[in-house]
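Peer 1: PDB, C-alpha atoms, pLDDT in the B column, saved as structure.pdb, coming up:
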ATOM      1  CA  MET A   6     115.655 127.834  92.746  1.00 85.00           C
ATOM      2  CA  LEU A   7     112.648 128.047  90.425  1.00 85.00           C
ATOM      3  CA  ASP A   8     114.938 127.706  87.402  1.00 89.00           C
ATOM      4  CA  GLU A   9     116.502 124.582  88.926  1.00 94.00           C
ATOM      5  CA  LEU A  10     113.056 123.097  89.600  1.00 93.00           C
ATOM      6  CA  ILE A  11     111.940 123.775  86.018  1.00 93.00           C
ATOM      7  CA  GLN A  12     115.156 122.249  84.657  1.00 95.00           C
ATOM      8  CA  LEU A  13     114.686 119.147  86.837  1.00 95.00           C
ATOM      9  CA  ASP A  14     111.061 118.957  85.652  1.00 96.00           C
ATOM     10  CA  LYS A  15     112.237 118.943  82.038  1.00 96.00           C
ATOM     11  CA  GLU A  16     114.804 116.222  82.734  1.00 96.00           C
ATOM     12  CA  VAL A  17     112.246 114.021  84.519  1.00 97.00           C
ATOM     13  CA  PHE A  18     109.822 114.612  81.643  1.00 97.00           C
ATOM     14  CA  LEU A  19     112.370 113.520  79.046  1.00 96.00           C
ATOM     15  CA  PHE A  20     113.158 110.407  81.070  1.00 96.00           C
ATOM     16  CA  LEU A  21     109.510 109.388  81.586  1.00 96.00           C
ATOM     17  CA  ASN A  22     108.436 110.322  78.069  1.00 96.00           C
ATOM     18  CA  GLY A  23     111.434 108.467  76.668  1.00 94.00           C
ATOM     19  CA  LEU A  24     110.326 105.227  78.333  1.00 94.00           C
ATOM     20  CA  GLY A  25     107.478 104.962  75.838  1.00 93.00           C
ATOM     21  CA  THR A  26     107.452 102.558  72.916  1.00 94.00           C
ATOM     22  CA  PRO A  27     105.192 102.272  69.868  1.00 95.00           C
ATOM     23  CA  THR A  28     103.867  99.009  71.356  1.00 96.00           C
ATOM     24  CA  TRP A  29     102.279 100.912  74.259  1.00 96.00           C
ATOM     25  CA  ASP A  30     101.311 104.124  72.440  1.00 96.00           C
ATOM     26  CA  GLY A  31      97.793 102.941  71.597  1.00 95.00           C
ATOM     27  CA  PHE A  32      97.114 101.917  75.186  1.00 97.00           C
ATOM     28  CA  TRP A  33      98.184 105.294  76.604  1.00 97.00           C
ATOM     29  CA  MET A  34      96.267 107.172  73.892  1.00 96.00           C
ATOM     30  CA  PHE A  35      93.169 105.225  74.950  1.00 97.00           C
ATOM     31  CA  ILE A  36      93.769 106.045  78.629  1.00 96.00           C
ATOM     32  CA  THR A  37      94.263 109.754  77.919  1.00 95.00           C
ATOM     33  CA  ASN A  38      91.143 110.015  75.742  1.00 94.00           C
ATOM     34  CA  LYS A  39      88.325 111.663  77.700  1.00 90.00           C
ATOM     35  CA  LEU A  40      85.751 109.374  76.101  1.00 93.00           C
ATOM     36  CA  SER A  41      87.448 106.259  77.488  1.00 93.00           C
ATOM     37  CA  SER A  42      86.433 107.354  80.995  1.00 93.00           C
ATOM     38  CA  ILE A  43      82.710 107.428  80.200  1.00 94.00           C
ATOM     39  CA  PRO A  44      82.149 103.755  81.184  1.00 95.00           C
ATOM     40  CA  ILE A  45      83.844 104.415  84.538  1.00 94.00           C
ATOM     41  CA  TYR A  46      81.652 107.482  85.109  1.00 93.00           C
ATOM     42  CA  LEU A  47      78.527 105.487  84.238  1.00 93.00           C
ATOM     43  CA  VAL A  48      79.446 102.674  86.636  1.00 94.00           C
ATOM     44  CA  LEU A  49      80.143 105.240  89.367  1.00 94.00           C
ATOM     45  CA  LEU A  50      76.739 106.868  88.820  1.00 92.00           C
ATOM     46  CA  ILE A  51      74.994 103.490  88.937  1.00 93.00           C
ATOM     47  CA  LEU A  52      76.822 102.617  92.162  1.00 94.00           C
ATOM     48  CA  ALA A  53      75.938 106.035  93.594  1.00 92.00           C
ATOM     49  CA  TYR A  54      72.296 105.475  92.686  1.00 93.00           C
ATOM     50  CA  ARG A  55      72.276 102.037  94.338  1.00 92.00           C
ATOM     51  CA  GLN A  56      74.090 103.328  97.424  1.00 91.00           C
ATOM     52  CA  LEU A  57      72.431 106.732  97.851  1.00 89.00           C
ATOM     53  CA  GLY A  58      69.110 106.670  95.997  1.00 90.00           C
ATOM     54  CA  LEU A  59      67.812 108.804  93.136  1.00 91.00           C
ATOM     55  CA  ARG A  60      67.631 112.212  94.851  1.00 90.00           C
ATOM     56  CA  LYS A  61      71.145 112.034  96.285  1.00 91.00           C
ATOM     57  CA  MET A  62      72.470 110.646  93.008  1.00 91.00           C
ATOM     58  CA  PHE A  63      71.194 113.764  91.225  1.00 91.00           C
ATOM     59  CA  VAL A  64      72.963 115.919  93.825  1.00 91.00           C
ATOM     60  CA  VAL A  65      76.119 113.871  93.167  1.00 92.00           C
ATOM     61  CA  LEU A  66      75.699 114.364  89.408  1.00 93.00           C
ATOM     62  CA  ALA A  67      75.324 118.136  89.841  1.00 93.00           C
ATOM     63  CA  THR A  68      78.303 118.211  92.213  1.00 94.00           C
ATOM     64  CA  VAL A  69      80.515 116.323  89.753  1.00 94.00           C
ATOM     65  CA  ALA A  70      79.423 118.492  86.812  1.00 95.00           C
ATOM     66  CA  ILE A  71      80.171 121.724  88.681  1.00 96.00           C
ATOM     67  CA  LEU A  72      83.415 120.292  90.081  1.00 96.00           C
ATOM     68  CA  ILE A  73      84.705 119.409  86.610  1.00 94.00           C
ATOM     69  CA  LEU A  74      83.542 122.746  85.189  1.00 95.00           C
ATOM     70  CA  VAL A  75      85.325 124.694  87.926  1.00 95.00           C
ATOM     71  CA  SER A  76      88.443 122.550  87.662  1.00 94.00           C
ATOM     72  CA  ASP A  77      88.602 122.956  83.872  1.00 92.00           C
ATOM     73  CA  GLN A  78      88.120 126.703  84.048  1.00 94.00           C
ATOM     74  CA  LEU A  79      90.733 127.026  86.784  1.00 95.00           C
ATOM     75  CA  ALA A  80      93.166 125.058  84.596  1.00 94.00           C
ATOM     76  CA  ASN A  81      92.471 127.430  81.691  1.00 93.00           C
ATOM     77  CA  PHE A  82      92.983 130.431  83.977  1.00 94.00           C
ATOM     78  CA  PHE A  83      96.366 129.062  85.065  1.00 94.00           C
ATOM     79  CA  LYS A  84      97.400 128.043  81.549  1.00 92.00           C
ATOM     80  CA  TYR A  85      96.935 131.554  80.211  1.00 92.00           C
ATOM     81  CA  GLY A  86      98.053 133.235  83.435  1.00 92.00           C
ATOM     82  CA  VAL A  87     101.290 131.277  83.925  1.00 93.00           C
ATOM     83  CA  GLN A  88     101.893 130.694  80.182  1.00 93.00           C
ATOM     84  CA  ARG A  89     104.244 127.758  80.612  1.00 94.00           C
ATOM     85  CA  LEU A  90     104.825 126.126  77.255  1.00 94.00           C
ATOM     86  CA  ARG A  91     103.790 122.533  76.715  1.00 95.00           C
ATOM     87  CA  PRO A  92     106.781 120.227  76.138  1.00 96.00           C
ATOM     88  CA  CYS A  93     106.107 120.028  72.409  1.00 93.00           C
ATOM     89  CA  TYR A  94     106.360 123.831  72.140  1.00 95.00           C
ATOM     90  CA  ASP A  95     109.357 124.166  74.465  1.00 94.00           C
ATOM     91  CA  PRO A  96     112.472 124.577  72.285  1.00 94.00           C
ATOM     92  CA  GLU A  97     114.687 122.923  74.936  1.00 94.00           C
ATOM     93  CA  VAL A  98     112.832 119.592  74.841  1.00 95.00           C
ATOM     94  CA  SER A  99     110.660 119.498  71.710  1.00 92.00           C
ATOM     95  CA  SER A 100     113.362 117.926  69.537  1.00 92.00           C
ATOM     96  CA  LEU A 101     114.251 115.327  72.203  1.00 94.00           C
ATOM     97  CA  MET A 102     110.780 114.072  73.144  1.00 95.00           C
ATOM     98  CA  ARG A 103     108.188 111.674  71.769  1.00 94.00           C
ATOM     99  CA  LEU A 104     104.905 113.295  70.780  1.00 94.00           C
ATOM    100  CA  VAL A 105     102.447 110.428  70.534  1.00 95.00           C
ATOM    101  CA  LYS A 106      99.401 112.527  69.623  1.00 89.00           C
ATOM    102  CA  ASP A 107      98.792 113.892  66.146  1.00 86.00           C
ATOM    103  CA  SER A 108      98.868 117.407  67.558  1.00 87.00           C
ATOM    104  CA  CYS A 109     100.151 119.002  70.706  1.00 87.00           C
ATOM    105  CA  GLY A 110      97.051 120.912  71.755  1.00 84.00           C
ATOM    106  CA  GLY A 111      97.087 124.449  73.109  1.00 89.00           C
ATOM    107  CA  LYS A 112     100.362 126.295  73.491  1.00 92.00           C
ATOM    108  CA  PHE A 113     100.331 126.372  77.298  1.00 93.00           C
ATOM    109  CA  GLY A 114     100.075 123.441  79.679  1.00 91.00           C
ATOM    110  CA  TYR A 115     100.327 124.485  83.344  1.00 89.00           C
ATOM    111  CA  PHE A 116      98.402 122.706  84.913  1.00 91.00           C
ATOM    112  CA  SER A 117      96.902 119.457  83.622  1.00 95.00           C
ATOM    113  CA  ALA A 118      93.102 119.527  83.652  1.00 95.00           C
ATOM    114  CA  HIS A 119      93.072 115.788  82.888  1.00 95.00           C
ATOM    115  CA  ALA A 120      95.011 115.092  86.092  1.00 97.00           C
ATOM    116  CA  ALA A 121      92.893 117.507  88.125  1.00 97.00           C
ATOM    117  CA  ASN A 122      89.583 116.113  86.893  1.00 96.00           C
ATOM    118  CA  SER A 123      90.485 112.451  87.241  1.00 97.00           C
ATOM    119  CA  PHE A 124      91.774 112.883  90.803  1.00 98.00           C
ATOM    120  CA  ALA A 125      88.799 115.074  91.722  1.00 97.00           C
ATOM    121  CA  VAL A 126      86.357 112.391  90.570  1.00 96.00           C
ATOM    122  CA  ALA A 127      88.407 109.652  92.252  1.00 97.00           C
ATOM    123  CA  TYR A 128      88.389 111.458  95.608  1.00 97.00           C
ATOM    124  CA  LEU A 129      84.694 112.362  95.534  1.00 96.00           C
ATOM    125  CA  PHE A 130      83.487 108.881  94.600  1.00 96.00           C
ATOM    126  CA  THR A 131      85.877 107.230  97.032  1.00 96.00           C
ATOM    127  CA  PHE A 132      84.311 109.335  99.770  1.00 95.00           C
ATOM    128  CA  LEU A 133      80.792 108.488  98.626  1.00 93.00           C
ATOM    129  CA  LEU A 134      81.185 104.783  97.934  1.00 94.00           C
ATOM    130  CA  LYS A 135      83.892 103.566 100.311  1.00 92.00           C
ATOM    131  CA  PRO A 136      81.440 102.594 103.083  1.00 89.00           C
ATOM    132  CA  LYS A 137      79.882  99.971 100.807  1.00 90.00           C
ATOM    133  CA  PHE A 138      82.725  99.266  98.350  1.00 90.00           C
ATOM    134  CA  ARG A 139      85.830  99.041 100.515  1.00 88.00           C
ATOM    135  CA  PHE A 140      88.468  98.895  97.771  1.00 93.00           C
ATOM    136  CA  ILE A 141      86.924 101.323  95.294  1.00 95.00           C
ATOM    137  CA  GLY A 142      89.442 104.003  96.242  1.00 95.00           C
ATOM    138  CA  ILE A 143      92.355 101.824  95.163  1.00 96.00           C
ATOM    139  CA  PHE A 144      90.777 101.269  91.751  1.00 96.00           C
ATOM    140  CA  LEU A 145      89.795 104.933  91.301  1.00 97.00           C
ATOM    141  CA  PHE A 146      93.161 106.332  92.334  1.00 97.00           C
ATOM    142  CA  LEU A 147      95.023 103.861  90.094  1.00 97.00           C
ATOM    143  CA  TRP A 148      92.788 104.949  87.211  1.00 97.00           C
ATOM    144  CA  ALA A 149      93.417 108.634  88.021  1.00 98.00           C
ATOM    145  CA  LEU A 150      97.166 108.020  88.254  1.00 98.00           C
ATOM    146  CA  MET A 151      97.137 106.307  84.858  1.00 98.00           C
ATOM    147  CA  VAL A 152      95.244 109.231  83.313  1.00 97.00           C
ATOM    148  CA  ALA A 153      97.706 111.682  84.875  1.00 98.00           C
ATOM    149  CA  TYR A 154     100.776 109.724  83.723  1.00 98.00           C
ATOM    150  CA  SER A 155      99.334 109.374  80.223  1.00 97.00           C
ATOM    151  CA  ARG A 156      99.712 113.136  79.779  1.00 97.00           C
ATOM    152  CA  ILE A 157     103.476 112.826  80.254  1.00 97.00           C
ATOM    153  CA  TYR A 158     103.692 109.653  78.166  1.00 97.00           C
ATOM    154  CA  ILE A 159     102.007 111.186  75.128  1.00 96.00           C
ATOM    155  CA  GLY A 160     104.144 114.328  75.443  1.00 95.00           C
ATOM    156  CA  VAL A 161     101.684 117.110  76.264  1.00 96.00           C
ATOM    157  CA  HIS A 162     102.510 117.873  79.929  1.00 96.00           C
ATOM    158  CA  PHE A 163     105.533 118.146  82.151  1.00 97.00           C
ATOM    159  CA  PRO A 164     105.483 116.220  85.462  1.00 98.00           C
ATOM    160  CA  LEU A 165     105.042 119.459  87.425  1.00 97.00           C
ATOM    161  CA  ASP A 166     101.936 120.258  85.345  1.00 96.00           C
ATOM    162  CA  VAL A 167     100.545 116.854  86.255  1.00 97.00           C
ATOM    163  CA  PHE A 168     101.525 117.042  89.927  1.00 97.00           C
ATOM    164  CA  THR A 169      99.930 120.479  90.276  1.00 97.00           C
ATOM    165  CA  GLY A 170      96.791 119.156  88.572  1.00 97.00           C
ATOM    166  CA  ILE A 171      96.649 116.276  91.051  1.00 98.00           C
ATOM    167  CA  VAL A 172      96.992 118.604  94.049  1.00 98.00           C
ATOM    168  CA  ILE A 173      94.415 121.062  92.732  1.00 97.00           C
ATOM    169  CA  GLY A 174      92.018 118.265  91.784  1.00 97.00           C
ATOM    170  CA  LEU A 175      92.247 116.754  95.270  1.00 98.00           C
ATOM    171  CA  GLY A 176      91.803 120.160  96.895  1.00 97.00           C
ATOM    172  CA  MET A 177      88.815 121.064  94.740  1.00 97.00           C
ATOM    173  CA  SER A 178      87.277 117.657  95.362  1.00 97.00           C
ATOM    174  CA  TRP A 179      87.716 118.037  99.128  1.00 97.00           C
ATOM    175  CA  LEU A 180      85.932 121.401  98.918  1.00 96.00           C
ATOM    176  CA  PHE A 181      83.122 120.028  96.743  1.00 96.00           C
ATOM    177  CA  THR A 182      82.731 117.018  99.029  1.00 95.00           C
ATOM    178  CA  LYS A 183      82.146 119.456 101.899  1.00 95.00           C
ATOM    179  CA  LEU A 184      79.649 121.375  99.750  1.00 93.00           C
ATOM    180  CA  TYR A 185      77.871 118.109  98.912  1.00 93.00           C
ATOM    181  CA  ILE A 186      77.568 117.270 102.620  1.00 92.00           C
ATOM    182  CA  PHE A 187      76.336 120.804 103.323  1.00 92.00           C
ATOM    183  CA  ALA A 188      73.706 120.525 100.558  1.00 88.00           C
ATOM    184  CA  LEU A 189      72.454 117.214 101.964  1.00 88.00           C
ATOM    185  CA  HIS A 190      72.017 118.731 105.416  1.00 86.00           C
ATOM    186  CA  LYS A 191      70.641 122.048 104.182  1.00 84.00           C
ATOM    187  CA  PHE A 192      67.982 120.454 101.992  1.00 79.00           C
ATOM    188  CA  GLN A 193      67.517 117.432 104.270  1.00 77.00           C
ATOM    189  CA  LEU A 194      68.107 114.874 101.540  1.00 68.00           C
TER     190      LEU A 194
END
Let me see the file written as structure tokens.

Peer 2:
Amino acid sequence: MLDELIQLDKEVFLFLNGLGTPTWDGFWMFITNKLSSIPIYLVLLILAYRQLGLRKMFVVLATVAILILVSDQLANFFKYGVQRLRPCYDPEVSSLMRLVKDSCGGKFGYFSAHAANSFAVAYLFTFLLKPKFRFIGIFLFLWALMVAYSRIYIGVHFPLDVFTGIVIGLGMSWLFTKLYIFALHKFQL
């Protein structure tokens, strides 16, 4: 069954990756670039400051920093523990796919830290800001979905890598949201 799932994952990857065109490559490279998310993070911090105040905003900043650190390190643990090849290193698909980036990155790709981090941030800030900004979750989850899909588009992750990253990012964010609430009550912020 696992072999069938992996084969289906490769077929779905080739289909989705094959939908790309040079016209859209620049857009998806921009979306996948970590630096392109900095303006979103800055706006979220400003909104958190306006909604929660300075002290709580610093707790949010610490929570997000630790959340991303833990998520990244967990992704690295899985990448070297599972050792699933990225599509561009997989001999079954590497000659059939489009690699949009100049390089493929590390040899292993299970699971996508980009997907995990973007969904973790989207969940946490949706929780924090939804009372005041009703539709912020729609925007944040669309952004996170675009970041996650960009990893398939550019050819560095299989869909299962991305899906696992989404699930882990949401789970880690749920946990860190609970820790944030606990910290507010514990330190009476």

Peer 1: The PyMOL selection byres ((chain A and resi 66-78) around 7) - which residues does that actually catch in the file I just gave you? List them as a PyMOL selection string.

Peer 2: chain A and resi 62-65+79-82+118+121-122+174+181+185

Peer 1: Could you tell me how far CA of Met102 (chain A) sits from CA of Gly160 (chain A), in Å to one decimal place?

Peer 2: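 Between these atoms lies a distance of 7.0 Å.
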
Peer 1: Could you work out how far CA of Phe18 (chain A) lies from CA of Gly111 (chain A), giving the answer in Å with one decimal?

Peer 2: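 Interatomic distance, CA of Gly111 (chain A) to CA of Phe18 (chain A): 18.2 Å.
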
Peer 1: Restricting the calculation to only C-alpha atoms: of A:Val105, A:Phe168, A:Leu129, A:Met34, which residue gets closest to Leu184 (chain A)?

Peer 2: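 Checking each candidate against Leu184 (chain A), we get A:Leu129 as the closest.
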
Peer 1: Between region 91-115 of chain A and region 138-158 of chain A, at 12 Å or less, what are the per-residue closest atom pairs and their distances in Å? Count all atoms listed in the file, order by chain and rising residue number, and return it as CSV.

Peer 2:
residue,atom,partner,partner_atom,distance
A:Arg91,CA,A:Ile157,CA,10.3
A:Pro92,CA,A:Ile157,CA,9.1
A:Cys93,CA,A:Ile157,CA,11.0
A:Met102,CA,A:Tyr158,CA,9.7
A:Arg103,CA,A:Tyr158,CA,8.1
A:Leu104,CA,A:Tyr158,CA,8.3
A:Val105,CA,A:Tyr158,CA,7.8
A:Lys106,CA,A:Tyr158,CA,10.0
A:Cys109,CA,A:Arg156,CA,10.8
A:Gly110,CA,A:Arg156,CA,11.5
A:Gly114,CA,A:Arg156,CA,10.3
A:Tyr115,CA,A:Arg156,CA,11.9

Peer 1: Once the PyMOL selection byres ((chain A and resi 175) around 9) has been applied to the shown file, what residues remain in the selection, as a PyMOL selection string?

Peer 2: chain A and resi 121-122+124-129+170-174+176-180

Peer 1: Go through A:Val161, A:Phe187, A:Thr182, A:Gly31 one by one, measure the shortest atom-to-atom distance of each to Ser99 (chain A) using only C-alpha atoms, and give the residue with the smallest value.

Peer 2: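 Closest residue, counting only C-alpha atoms: A:Val161.
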
Peer 1: Take CA of Lys15 (chain A) and CA of Asp95 (chain A) and report the distance between them in Å, one decimal.

Peer 2: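 Taking CA of Lys15 (chain A) and CA of Asp95 (chain A), their separation equals 9.6 Å.
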
Peer 1: I need the residue nearest Ala53 (chain A) from this list: A:Pro164, A:Pro96, A:Gly86, A:Pro136. Use only C-alpha atoms for the distance.

Peer 2: A:Pro136

Peer 1: To box region 120-125 of chain A, take all atoms listed in the file, fit an axis-aligned box, add 8 Å on each side, and give centre and edge lengths in Å to one decimal, as JSON.

Peer 2:
{"center_x": 91.9, "center_y": 115.0, "center_z": 88.9, "size_x": 22.2, "size_y": 21.1, "size_z": 21.6}
